[in-house]
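> Next up, start_11.cif (mmCIF, C-alpha atoms).
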```
data_run
#
loop_
_atom_site.label_atom_id
_atom_site.label_comp_id
_atom_site.auth_asym_id
_atom_site.auth_seq_id
_atom_site.Cartn_x
_atom_site.Cartn_y
_atom_site.Cartn_z
CA MET L 182 134.46 149.89 97.40
CA THR L 183 133.28 146.46 98.55
CA ASN L 184 131.34 146.34 101.80
CA TYR L 185 132.20 143.16 103.72
CA ASP L 186 129.77 141.83 106.31
CA PHE L 187 131.65 140.10 109.16
CA ASP L 188 128.65 139.53 111.42
CA TYR L 189 128.36 135.82 110.67
CA PHE L 190 131.84 134.61 111.62
CA LYS L 191 131.98 132.24 114.58
CA ASP L 192 135.29 133.58 115.81
CA ALA L 193 136.45 137.20 115.93
CA SER L 194 140.00 136.09 115.17
CA ASP L 195 138.80 134.75 111.81
CA ARG L 196 137.41 138.19 111.02
CA ASP L 197 140.69 139.84 112.01
CA GLN L 198 142.68 137.49 109.76
CA PHE L 199 140.29 138.18 106.92
CA ILE L 200 140.68 141.94 107.34
CA ALA L 201 144.46 141.50 107.28
CA MET L 202 144.20 139.78 103.89
CA GLN L 203 142.45 142.76 102.30
CA LYS L 204 144.58 144.94 100.04
CA ASN L 205 144.58 146.48 96.60
CA TYR L 206 145.06 143.52 94.27
CA LYS L 207 144.91 145.55 91.06
CA ARG L 208 148.26 145.48 89.24
CA GLU L 209 149.11 148.44 87.06
CA LYS L 210 152.63 147.36 86.05
CA PRO L 211 152.68 146.06 82.44
CA LEU L 212 152.87 142.30 82.04
CA GLU L 213 156.11 140.82 80.81
CA VAL L 214 156.41 138.83 77.57
CA LEU L 215 159.46 136.79 76.55
CA PHE L 216 160.21 135.82 72.94
CA LEU L 217 162.54 132.82 73.05
CA ASP L 218 164.13 131.53 69.86
CA HIS L 219 164.73 127.77 69.69
CA ALA L 220 163.31 127.25 73.17
CA ILE L 221 162.43 123.82 74.51
CA VAL L 222 159.15 122.99 76.25
CA LEU L 223 159.45 120.22 78.83
CA PRO L 224 156.32 118.17 79.55
CA ARG L 225 155.02 118.14 83.07
CA LYS L 226 156.27 115.39 85.38
CA GLU L 227 156.01 114.68 89.09
CA ALA L 228 158.49 116.49 91.29
CA GLU L 229 160.97 114.02 92.77
CA LYS L 230 163.75 116.07 94.37
CA PRO L 231 163.28 117.42 97.94
CA GLU L 232 164.00 120.96 96.74
CA ASP L 233 160.99 120.70 94.39
CA ALA L 234 158.58 119.62 97.15
CA SER L 235 156.54 122.81 96.79
CA ALA L 236 155.84 122.04 93.12
CA TRP L 237 152.70 120.05 93.82
CA MET L 238 151.49 120.62 90.25
CA GLY L 239 154.73 119.14 88.97
CA ILE L 240 157.83 120.34 87.14
CA GLY L 241 158.41 121.20 83.51
CA GLY L 242 157.94 124.35 81.46
CA VAL L 243 160.23 126.29 79.15
CA LEU L 244 164.01 126.16 78.70
CA ASN L 245 165.82 128.86 76.71
CA ARG L 246 168.23 127.99 73.91
CA GLU L 247 171.04 127.73 76.48
CA GLY L 248 169.07 125.05 78.32
CA GLU L 249 168.26 127.28 81.32
CA PHE L 250 164.83 127.08 82.95
CA VAL L 251 162.67 130.17 82.33
CA ARG L 252 161.02 131.03 85.65
CA LEU L 253 158.29 133.08 83.95
CA SER L 254 156.94 129.80 82.52
CA GLY L 255 156.19 128.48 86.02
CA ILE L 256 153.36 129.26 88.43
CA GLU L 257 154.37 131.20 91.54
CA GLY L 258 153.20 129.89 94.91
CA PHE L 259 151.81 131.79 97.88
CA ARG L 260 151.48 131.50 101.65
CA GLN L 261 153.51 128.44 102.65
CA ASN L 262 154.92 128.30 99.10
CA GLU L 263 155.83 132.00 98.92
CA GLY L 264 158.86 132.54 96.70
CA LYS L 265 158.64 129.04 95.23
CA LEU L 266 156.97 127.55 92.18
CA VAL L 267 153.93 125.29 92.49
CA PHE L 268 154.47 124.38 88.84
CA GLY L 269 157.72 124.51 86.92
CA GLY L 270 161.32 123.45 87.04
CA MET L 271 164.05 121.84 85.01
CA TYR L 272 164.85 118.14 84.91
CA GLU L 273 167.19 115.91 82.94
CA TYR L 274 165.79 114.11 79.91
CA GLU L 275 167.18 111.59 77.46
CA GLY L 276 167.69 111.98 73.76
CA GLU L 277 167.12 114.97 71.49
CA PRO L 278 163.84 116.88 71.69
CA GLY L 279 161.52 116.88 68.73
CA TYR L 280 161.63 120.01 66.57
CA VAL L 281 158.70 122.07 65.29
CA ASP L 282 159.52 124.88 62.89
CA GLU L 283 156.80 127.20 64.20
CA GLU L 284 156.31 130.14 66.50
CA VAL L 285 154.00 129.09 69.35
CA LEU L 286 152.29 130.69 72.34
CA TYR L 287 152.96 129.05 75.69
CA MET L 288 149.81 128.49 77.75
CA GLY L 289 151.52 126.43 80.47
CA ALA L 290 150.22 123.67 82.69
CA PHE L 291 146.79 122.14 82.21
CA GLN L 292 144.77 119.62 84.15
CA PRO L 293 140.98 119.16 83.93
CA HIS L 294 140.14 121.13 87.08
CA TRP L 295 137.87 124.13 86.51
CA GLY L 296 139.05 126.33 89.40
CA HIS L 297 142.72 125.96 88.49
CA PHE L 298 141.93 126.38 84.80
CA ILE L 299 140.09 129.66 85.16
CA LEU L 300 142.52 131.26 87.64
CA GLU L 301 145.84 129.75 86.55
CA TYR L 302 146.00 127.71 83.38
CA CYS L 303 144.30 130.13 80.97
CA THR L 304 145.79 133.33 82.37
CA ARG L 305 148.57 133.72 79.77
CA LEU L 306 146.06 133.78 76.93
CA TRP L 307 145.52 137.53 77.30
CA TYR L 308 148.36 137.81 74.81
CA TYR L 309 146.30 135.89 72.23
CA ILE L 310 143.42 138.35 72.68
CA GLN L 311 145.64 141.40 72.33
CA ASN L 312 147.58 139.97 69.38
CA PRO L 313 145.02 138.15 67.25
CA GLN L 314 146.74 135.80 64.85
CA HIS L 315 146.49 132.13 63.95
CA ILE L 316 149.18 130.72 66.20
CA ARG L 317 149.54 127.31 67.85
CA ILE L 318 149.02 127.10 71.63
CA VAL L 319 151.39 124.93 73.66
CA MET L 320 150.30 123.36 76.96
CA CYS L 321 151.78 120.82 79.37
CA GLY L 322 148.85 118.52 80.10
CA PHE L 323 148.61 116.19 83.07
CA SER L 324 146.03 114.09 84.93
CA CYS L 325 144.37 113.45 81.56
CA GLU L 326 145.07 111.68 78.30
CA ALA L 327 147.19 113.50 75.73
CA ASP L 328 145.25 115.82 73.42
CA SER L 329 142.09 115.22 75.42
CA ILE L 330 141.14 118.77 76.38
CA ASP L 331 137.40 119.01 75.82
CA GLY L 332 134.11 119.98 77.49
CA ASN L 333 133.93 123.35 79.23
CA PHE L 334 137.72 123.78 79.05
CA LEU L 335 137.74 123.59 75.26
CA LYS L 336 134.53 125.61 75.00
CA PHE L 337 136.12 128.45 76.98
CA LEU L 338 139.07 128.42 74.57
CA ASN L 339 136.62 128.42 71.65
CA LEU L 340 134.94 131.51 73.11
CA ILE L 341 138.22 133.42 72.91
CA GLY L 342 138.89 132.19 69.38
CA ILE L 343 141.10 129.13 69.93
CA GLU L 344 140.24 125.86 68.18
CA LYS L 345 141.34 122.41 69.30
CA SER L 346 143.43 122.02 66.14
CA GLN L 347 145.64 124.89 67.36
CA ILE L 348 146.59 123.15 70.62
CA ILE L 349 149.81 121.22 71.05
CA ASP L 350 149.77 119.08 74.20
CA VAL L 351 153.46 118.50 74.95
CA ARG L 352 154.07 115.02 76.38
CA LYS L 353 157.75 114.73 75.37
CA PRO L 354 160.43 117.46 75.14
CA MET L 355 159.88 119.62 72.07
CA GLN L 356 161.88 122.48 70.61
CA PHE L 357 160.16 125.25 68.66
CA LYS L 358 161.38 127.92 66.28
CA ARG L 359 160.17 130.49 68.79
CA VAL L 360 158.19 130.28 72.03
CA ILE L 361 156.24 133.30 73.29
CA VAL L 362 155.94 133.21 77.09
CA PRO L 363 153.50 135.80 78.49
CA GLU L 364 153.33 136.52 82.21
CA GLN L 365 150.19 135.36 84.02
CA SER L 366 147.49 138.04 84.03
CA PHE L 367 146.01 136.72 87.30
CA LEU L 368 148.19 135.40 90.10
CA ARG L 369 146.47 133.94 93.13
CA ASP L 370 146.90 135.92 96.35
CA LYS L 371 148.96 138.46 94.39
CA TYR L 372 147.16 140.43 91.69
CA PHE L 373 144.66 140.71 88.87
CA THR L 374 145.08 142.86 85.78
CA ASP L 375 143.02 144.61 83.14
CA ALA L 376 144.44 142.04 80.71
CA TYR L 377 142.74 139.25 82.68
CA ARG L 378 139.47 141.18 82.81
CA MET L 379 139.71 141.65 79.05
CA LEU L 380 140.22 137.87 78.63
CA ILE L 381 137.10 137.09 80.68
CA GLU L 382 135.06 139.80 78.96
CA CYS L 383 136.03 138.43 75.56
CA ALA L 384 134.70 135.00 76.53
CA CYS L 385 131.50 136.42 78.03
CA GLN L 386 130.73 138.53 74.98
CA ASN L 387 130.88 135.49 72.71
CA ILE L 388 128.50 133.19 74.60
CA SER L 389 125.49 131.94 72.69
CA VAL L 390 122.49 130.77 74.73
CA ASN L 391 118.97 130.16 73.52
CA ASN L 392 115.77 130.30 75.56
CA LEU L 393 117.56 130.59 78.91
CA LYS L 394 115.74 132.43 81.65
CA PRO L 395 117.90 134.51 83.99
CA TYR L 396 117.44 134.14 87.74
CA GLU L 397 117.73 137.08 90.12
CA LYS L 398 119.19 134.90 92.90
CA VAL L 399 121.48 131.96 92.13
CA TYR L 400 122.91 129.30 94.45
CA PHE L 401 125.67 127.07 93.09
CA THR L 402 125.56 123.73 94.91
CA ARG L 403 128.28 121.11 95.40
CA SER L 404 125.93 118.55 96.96
CA ASN L 405 125.82 116.32 93.87
CA PHE L 406 129.48 115.38 93.88
CA ALA L 407 131.25 116.44 97.10
CA ASN L 408 130.07 113.67 99.45
CA SER L 409 133.53 112.13 99.68
CA LYS L 410 134.93 115.40 101.03
CA GLU L 411 132.04 117.10 102.77
CA ARG L 412 128.61 116.46 104.21
CA GLY L 413 125.72 118.65 105.28
CA GLU L 414 125.28 121.11 102.42
CA PHE L 415 121.97 119.63 101.30
CA GLU L 416 120.05 121.19 104.20
CA ILE L 417 121.70 124.58 103.60
CA LYS L 418 120.75 124.44 99.94
CA GLN L 419 117.14 123.64 100.85
CA ILE L 420 116.88 126.80 102.94
CA PHE L 421 118.01 129.03 100.08
CA GLU L 422 115.85 127.12 97.61
CA LYS L 423 112.75 127.70 99.75
CA ASN L 424 113.56 131.41 99.76
CA GLY L 425 113.53 131.87 96.01
CA TYR L 426 117.10 131.03 95.04
CA ALA L 427 117.63 128.98 91.89
CA CYS L 428 119.86 126.11 93.03
CA LEU L 429 122.09 125.02 90.16
CA ALA L 430 124.83 122.40 89.97
CA PRO L 431 127.64 123.98 87.90
CA GLU L 432 129.03 120.60 86.82
CA MET L 433 125.70 119.99 85.06
CA LEU L 434 125.91 123.26 83.10
CA SER L 435 127.93 124.24 80.06
CA VAL L 436 130.41 127.05 80.56
CA GLU L 437 128.11 129.30 78.54
CA GLU L 438 125.19 128.51 80.85
CA GLN L 439 127.35 129.17 83.91
CA MET L 440 128.41 132.51 82.48
CA PHE L 441 124.85 133.45 81.59
CA TYR L 442 123.33 132.68 84.99
CA ILE L 443 126.08 134.36 86.97
CA ARG L 444 126.31 137.40 84.73
CA ASN L 445 122.57 138.02 84.91
CA CYS L 446 121.89 137.45 88.60
CA LYS L 447 121.85 140.04 91.37
CA GLU L 448 122.86 137.63 94.15
CA PHE L 449 125.31 134.76 93.91
CA VAL L 450 125.58 132.20 96.73
CA VAL L 451 128.38 129.62 96.71
CA ILE L 452 130.76 127.59 98.85
CA PRO L 453 134.29 128.90 98.18
CA GLY L 454 136.24 126.49 96.02
CA GLY L 455 136.20 125.59 92.35
CA ALA L 456 132.58 126.74 91.88
CA SER L 457 133.20 130.16 93.46
CA MET L 458 135.85 130.91 90.84
CA ASN L 459 132.93 131.40 88.44
CA GLY L 460 132.49 134.73 90.19
CA VAL L 461 134.93 136.13 87.60
CA PHE L 462 131.96 136.11 85.19
CA ALA L 463 129.73 138.22 87.45
CA ALA L 464 128.53 141.64 86.39
CA LYS L 465 129.57 144.65 88.41
CA HIS L 466 127.86 145.10 91.79
CA THR L 467 126.54 141.54 92.06
CA LYS L 468 125.98 140.64 95.73
CA ARG L 469 128.01 137.65 96.97
CA ILE L 470 127.19 135.27 99.81
CA TYR L 471 129.94 132.78 100.65
CA ILE L 472 128.99 129.67 102.62
CA LYS L 473 132.14 128.96 104.61
CA LYS L 474 132.98 125.30 105.11
CA ALA L 475 136.16 125.88 107.10
CA ASN L 476 137.72 128.42 109.44
CA GLN L 477 139.58 131.47 108.18
CA PRO L 478 143.16 130.16 107.85
CA ASP L 479 141.98 127.66 105.21
CA PHE L 480 139.90 130.22 103.37
CA PRO L 481 140.94 130.89 99.76
CA ALA L 482 142.27 134.39 99.12
CA ASP L 483 141.06 134.13 95.52
CA VAL L 484 137.57 135.36 96.32
CA LEU L 485 138.95 138.68 97.58
CA GLN L 486 140.65 139.27 94.24
CA ILE L 487 137.53 138.25 92.33
CA ASP L 488 135.25 140.47 94.45
CA GLN L 489 137.54 143.43 93.87
CA MET L 490 138.02 142.75 90.17
CA THR L 491 134.27 142.53 89.53
CA GLU L 492 133.53 145.51 91.80
CA ALA L 493 131.13 143.65 94.09
CA ASP L 494 129.28 146.11 96.33
CA GLU L 495 128.25 143.75 99.12
CA VAL L 496 129.86 140.49 100.27
CA THR L 497 128.74 138.32 103.17
CA PHE L 498 130.46 135.30 104.69
CA ILE L 499 128.40 132.81 106.70
CA ASP L 500 130.11 130.21 108.88
CA CYS L 501 128.25 126.98 108.15
CA TYR L 502 130.88 124.53 109.40
CA TYR L 503 131.22 122.35 112.48
CA LYS L 504 134.65 121.43 113.77
CA PRO L 505 134.26 118.77 116.47
CA TYR L 506 137.85 117.57 115.97
CA LYS L 507 140.87 119.85 115.93
CA SER L 508 142.71 117.64 113.43
CA LEU L 509 140.06 118.05 110.75
CA PRO L 510 139.78 119.33 108.13
CA ASN L 511 143.24 118.60 106.74
CA GLY L 512 143.00 121.57 104.40
CA TYR L 513 140.50 123.54 102.37
CA GLY L 514 140.72 121.28 99.33
CA PRO L 515 141.02 117.76 100.78
CA GLY L 516 138.62 118.28 103.68
CA PRO L 517 136.77 116.49 105.16
CA HIS L 518 134.20 119.20 105.90
CA PHE L 519 131.16 118.95 108.17
CA LEU L 520 128.55 121.58 107.26
CA GLY L 521 125.15 122.32 108.68
CA VAL L 522 122.46 124.82 109.66
CA THR L 523 124.56 126.74 112.17
CA LYS L 524 123.53 129.57 114.48
CA GLN L 525 125.25 131.97 112.08
CA LEU L 526 123.09 130.81 109.18
CA LYS L 527 119.96 131.09 111.32
CA ASP L 528 120.97 134.61 112.34
CA TYR L 529 121.52 135.58 108.72
CA ALA L 530 118.13 134.18 107.73
CA LYS L 531 116.41 136.05 110.54
CA ASN L 532 118.13 139.36 109.76
CA HIS L 533 117.26 139.07 106.07
CA HIS L 534 113.65 137.97 106.58
CA MET L 535 114.21 134.51 105.16
CA LYS L 536 111.93 131.65 106.05
CA ILE L 537 113.81 128.91 107.81
CA THR L 538 112.31 125.61 108.91
CA VAL L 539 114.47 122.73 110.01
CA SER L 540 112.91 119.29 109.62
CA PRO L 541 113.09 116.85 112.58
CA LYS L 542 114.97 114.62 110.16
CA TYR L 543 117.73 117.21 110.09
CA MET L 544 119.01 116.19 113.50
CA ILE L 545 119.23 112.58 112.29
CA ALA L 546 121.19 113.76 109.24
CA ARG L 547 123.48 115.82 111.45
CA VAL L 548 124.23 112.82 113.67
CA LYS L 549 124.97 110.72 110.57
CA ASN L 550 127.37 113.39 109.33
CA TRP L 551 129.10 113.50 112.71
CA LEU L 552 129.45 109.70 112.62
CA TRP L 553 130.92 109.98 109.11
CA LEU L 554 133.55 112.41 110.39
CA THR L 555 134.24 110.26 113.45
CA LYS L 556 134.72 107.20 111.23
CA ILE L 557 137.40 109.08 109.29
CA ILE L 558 139.21 109.90 112.55
CA VAL L 559 139.04 106.30 113.77
CA ILE L 560 140.29 104.89 110.46
CA ARG L 561 143.20 107.31 110.37
CA LYS L 562 144.23 106.49 113.93
CA TYR L 563 144.00 102.77 113.20
CA LEU L 564 146.17 103.15 110.09
CA ALA L 565 148.70 105.25 112.02
CA ILE L 566 148.97 102.57 114.74
CA THR L 567 149.18 99.78 112.15
CA ASN L 568 151.92 101.55 110.22
CA LYS L 569 153.84 102.15 113.43
CA ILE L 570 153.63 98.47 114.41
CA ASN L 571 154.63 97.34 110.92
CA GLY L 572 157.49 99.78 110.98
CA LYS L 573 158.82 98.24 114.19
CA ARG L 574 158.65 94.76 112.71
CA VAL L 575 160.73 95.67 109.68
#
```
What does the file become when written as structure tokens?

Amino acid sequence: MTNYDFDYFKDASDRDQFIAMQKNYKREKPLEVLFLDHAIVLPRKEAEKPEDASAWMGIGGVLNREGEFVRLSGIEGFRQNEGKLVFGGMYEYEGEPGYVDEEVLYMGAFQPHWGHFILEYCTRLWYYIQNPQHIRIVMCGFSCEADSIDGNFLKFLNLIGIEKSQIIDVRKPMQFKRVIVPEQSFLRDKYFTDAYRMLIECACQNISVNNLKPYEKVYFTRSNFANSKERGEFEIKQIFEKNGYACLAPEMLSVEEQMFYIRNCKEFVVIPGGASMNGVFAAKHTKRIYIKKANQPDFPADVLQIDQMTEADEVTFIDCYYKPYKSLPNGYGPGPHFLGVTKQLKDYAKNHHMKITVSPKYMIARVKNWLWLTKIIVIRKYLAITNKINGKRV
């Protein structure tokens, strides 16, 4: 049973909302698998119709031999998109689809985004693990060149036994002798399954690292690449670094290195987002510390599922955000986020006997970050006024 520490929330209402989100996410019901003869796989395309507005990942997926869209091939939404698909849907296309006389396994959507990949795009591949055979894998790639899956995405697939030569990146409608469509083994805000755990374990068991030294306490930083969306993490990172935490930038590590460091640490500190999804690789009972960059309503539910799935004993959330303007951030992903050494972080450091020294330069940095946020507000208001004036002129 995970013990959650709520002492470092700024607002009691955030804590109450968080408690309301807790439930048993473990799914016991067997996962569904469809075997569709002469099915067509539609490539991903932007949603254009108003009724598809929730499909922010796009539309596409699998059609059965009667030309009907197969909902299981989509990705179910949650919260504001409850009951809708964030990926998937039928659309009209011209000409006859190409034909491939093979049985294939449908992986689904793919874009080169690590958080979405690990929690959404790879989640049907449990079927490949349970039914080992040399079969082609079909994906609907977007936001990348065709057949360009590489780096940590391809390495993860290699770890579960899939080679690049097996992957078919559908960029035009294609019909196959048979398409196997497994249900997702992890669905955000809904469930995780033993099949997903087995998928992750398979990858972890096959990592090969040489001469790597494990760290007892690991901090995954976003400070190298998140400056367009957030400011202020650098000073937070420095505090943990001075208290014996190994501060690592996940984008600079191979997937095997990420797995190794997380699986062998006893404490894992991270800002929730793409990097925190690496928590799926953690060993049982690893302590988690989440550096919150936004208030509770924007907080990803994914970490609750991951904590539960990996049987974390102790989880702490620390509010490290400032919110001087009600209109910002726009959302958890797009930001912008203004972080800093808050009272809550100072209280945590004090209660856990951490050394904390704030340089006089920190106040200068904090003012600069506030000016950065203010500039965004001013620019947006200017653009809104300009658009309104231009609209009146038309």
> Calculated over only C-alpha atoms, which of the candidates L:Val539, L:Leu335, L:Cys501, L:Ile417 has the smallest distance to Lys524 in chain L?
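Smallest separation from Lys524 in chain L among the options: L:Cys501.
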> Given the file above and the PyMOL selection byres ((chain L and resi 295) around 8), which residues are selected, and can you give them as a list in words?
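Applying the expression gives Pro293, His294, Gly296, His297, Phe298, Ile299, Phe334, Gly455 and Ala456 of chain L.
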> Write out as a list in words which residues come within 10 Å of Ala430 in chain L when counting all atoms listed in the file, dropping same-chain ones fewer than 2 positions away.
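Here the qualifying residues turn out to be Tyr400, Phe401, Thr402, Arg403, Ser404, Asn405, Phe406, Ala427, Cys428, Glu432, Met433, Leu434, Gln439 and Ala456 of chain L.
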> Nearest to Val214 in chain L among L:Lys473, L:Lys265, L:Lys542, L:Arg305, with distances taken over only C-alpha atoms: which residue is it?
L:Arg305
> How would you write, as a PyMOL selection string, the residues chosen by the PyMOL selection byres ((chain L and resi 349-360) around 7) on this structure?
chain L and resi 216-224+278-287+317-322+327-328+347-348+361-362
> Give the answer as one residue: which of L:Leu429, L:Gly413, L:Asp370, L:Tyr529 has the shortest atom-to-atom distance to Ile470 in chain L, using all atoms listed in the file?
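With all atoms listed in the file as the atom set, the closest residue is L:Tyr529.
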> Need to verify the contact set: Lys549 in chain L, 10 Å, all atoms listed in the file, exclusion of same-chain residues closer than 5 positions in sequence. Can you return it as a list in words?
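Listed by chain and then number, they are Arg412, Gly413, Tyr543, Met544, Leu554 and Thr555 of chain L.
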> Could you work out how far CA of Leu215 in chain L lies from CA of Asn262 in chain L, giving the answer in Å with one decimal?
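Distance between the two atoms: 24.5 Å.
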> Restore N, CA, C and O atoms in range 202-219 of chain L and list the result as a PDB file, in the coordinates of the input.

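Generated output (result.pdb):
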```pdb
ATOM      1  N   MET L 202     143.952 140.263 105.254  1.00  0.00           N
ATOM      2  CA  MET L 202     144.200 139.780 103.890  1.00  0.00           C
ATOM      3  C   MET L 202     143.718 140.780 102.835  1.00  0.00           C
ATOM      4  O   MET L 202     144.036 140.634 101.648  1.00  0.00           O
ATOM      5  N   GLN L 203     142.971 141.793 103.250  1.00  0.00           N
ATOM      6  CA  GLN L 203     142.450 142.760 102.300  1.00  0.00           C
ATOM      7  C   GLN L 203     143.534 143.747 101.877  1.00  0.00           C
ATOM      8  O   GLN L 203     144.273 144.255 102.707  1.00  0.00           O
ATOM      9  N   LYS L 204     143.629 143.970 100.590  1.00  0.00           N
ATOM     10  CA  LYS L 204     144.580 144.940 100.040  1.00  0.00           C
ATOM     11  C   LYS L 204     144.146 145.272  98.621  1.00  0.00           C
ATOM     12  O   LYS L 204     143.174 144.693  98.100  1.00  0.00           O
ATOM     13  N   ASN L 205     144.849 146.174  97.997  1.00  0.00           N
ATOM     14  CA  ASN L 205     144.580 146.480  96.600  1.00  0.00           C
ATOM     15  C   ASN L 205     145.277 145.451  95.731  1.00  0.00           C
ATOM     16  O   ASN L 205     146.506 145.417  95.640  1.00  0.00           O
ATOM     17  N   TYR L 206     144.507 144.589  95.094  1.00  0.00           N
ATOM     18  CA  TYR L 206     145.060 143.520  94.270  1.00  0.00           C
ATOM     19  C   TYR L 206     145.255 143.935  92.816  1.00  0.00           C
ATOM     20  O   TYR L 206     145.810 143.167  92.034  1.00  0.00           O
ATOM     21  N   LYS L 207     144.805 145.108  92.467  1.00  0.00           N
ATOM     22  CA  LYS L 207     144.910 145.550  91.060  1.00  0.00           C
ATOM     23  C   LYS L 207     146.378 145.842  90.727  1.00  0.00           C
ATOM     24  O   LYS L 207     147.043 146.613  91.407  1.00  0.00           O
ATOM     25  N   ARG L 208     146.889 145.224  89.688  1.00  0.00           N
ATOM     26  CA  ARG L 208     148.260 145.480  89.240  1.00  0.00           C
ATOM     27  C   ARG L 208     148.247 146.410  88.044  1.00  0.00           C
ATOM     28  O   ARG L 208     147.575 146.145  87.047  1.00  0.00           O
ATOM     29  N   GLU L 209     149.014 147.482  88.148  1.00  0.00           N
ATOM     30  CA  GLU L 209     149.110 148.440  87.060  1.00  0.00           C
ATOM     31  C   GLU L 209     150.354 148.206  86.203  1.00  0.00           C
ATOM     32  O   GLU L 209     150.384 148.595  85.034  1.00  0.00           O
ATOM     33  N   LYS L 210     151.378 147.584  86.767  1.00  0.00           N
ATOM     34  CA  LYS L 210     152.630 147.360  86.050  1.00  0.00           C
ATOM     35  C   LYS L 210     152.369 146.488  84.820  1.00  0.00           C
ATOM     36  O   LYS L 210     151.692 145.464  84.915  1.00  0.00           O
ATOM     37  N   PRO L 211     152.898 146.861  83.654  1.00  0.00           N
ATOM     38  CA  PRO L 211     152.680 146.060  82.440  1.00  0.00           C
ATOM     39  C   PRO L 211     153.176 144.621  82.608  1.00  0.00           C
ATOM     40  O   PRO L 211     154.175 144.370  83.282  1.00  0.00           O
ATOM     41  N   LEU L 212     152.477 143.703  81.993  1.00  0.00           N
ATOM     42  CA  LEU L 212     152.870 142.300  82.040  1.00  0.00           C
ATOM     43  C   LEU L 212     154.056 142.043  81.123  1.00  0.00           C
ATOM     44  O   LEU L 212     154.172 142.632  80.045  1.00  0.00           O
ATOM     45  N   GLU L 213     154.902 141.146  81.554  1.00  0.00           N
ATOM     46  CA  GLU L 213     156.110 140.820  80.810  1.00  0.00           C
ATOM     47  C   GLU L 213     155.792 139.771  79.741  1.00  0.00           C
ATOM     48  O   GLU L 213     154.940 138.908  79.935  1.00  0.00           O
ATOM     49  N   VAL L 214     156.506 139.832  78.634  1.00  0.00           N
ATOM     50  CA  VAL L 214     156.410 138.830  77.570  1.00  0.00           C
ATOM     51  C   VAL L 214     157.826 138.515  77.095  1.00  0.00           C
ATOM     52  O   VAL L 214     158.601 139.420  76.790  1.00  0.00           O
ATOM     53  N   LEU L 215     158.160 137.224  77.051  1.00  0.00           N
ATOM     54  CA  LEU L 215     159.460 136.790  76.550  1.00  0.00           C
ATOM     55  C   LEU L 215     159.285 136.133  75.183  1.00  0.00           C
ATOM     56  O   LEU L 215     158.345 135.364  74.971  1.00  0.00           O
ATOM     57  N   PHE L 216     160.194 136.435  74.262  1.00  0.00           N
ATOM     58  CA  PHE L 216     160.210 135.820  72.940  1.00  0.00           C
ATOM     59  C   PHE L 216     161.504 135.012  72.860  1.00  0.00           C
ATOM     60  O   PHE L 216     162.602 135.582  72.775  1.00  0.00           O
ATOM     61  N   LEU L 217     161.392 133.705  72.910  1.00  0.00           N
ATOM     62  CA  LEU L 217     162.540 132.820  73.050  1.00  0.00           C
ATOM     63  C   LEU L 217     162.757 131.987  71.793  1.00  0.00           C
ATOM     64  O   LEU L 217     161.959 131.083  71.496  1.00  0.00           O
ATOM     65  N   ASP L 218     163.807 132.294  71.063  1.00  0.00           N
ATOM     66  CA  ASP L 218     164.130 131.530  69.860  1.00  0.00           C
ATOM     67  C   ASP L 218     164.699 130.169  70.238  1.00  0.00           C
ATOM     68  O   ASP L 218     165.519 130.043  71.149  1.00  0.00           O
ATOM     69  N   HIS L 219     164.240 129.143  69.519  1.00  0.00           N
ATOM     70  CA  HIS L 219     164.730 127.770  69.690  1.00  0.00           C
ATOM     71  C   HIS L 219     164.629 127.292  71.144  1.00  0.00           C
ATOM     72  O   HIS L 219     165.507 126.580  71.642  1.00  0.00           O
TER      73      HIS L 219
END
```
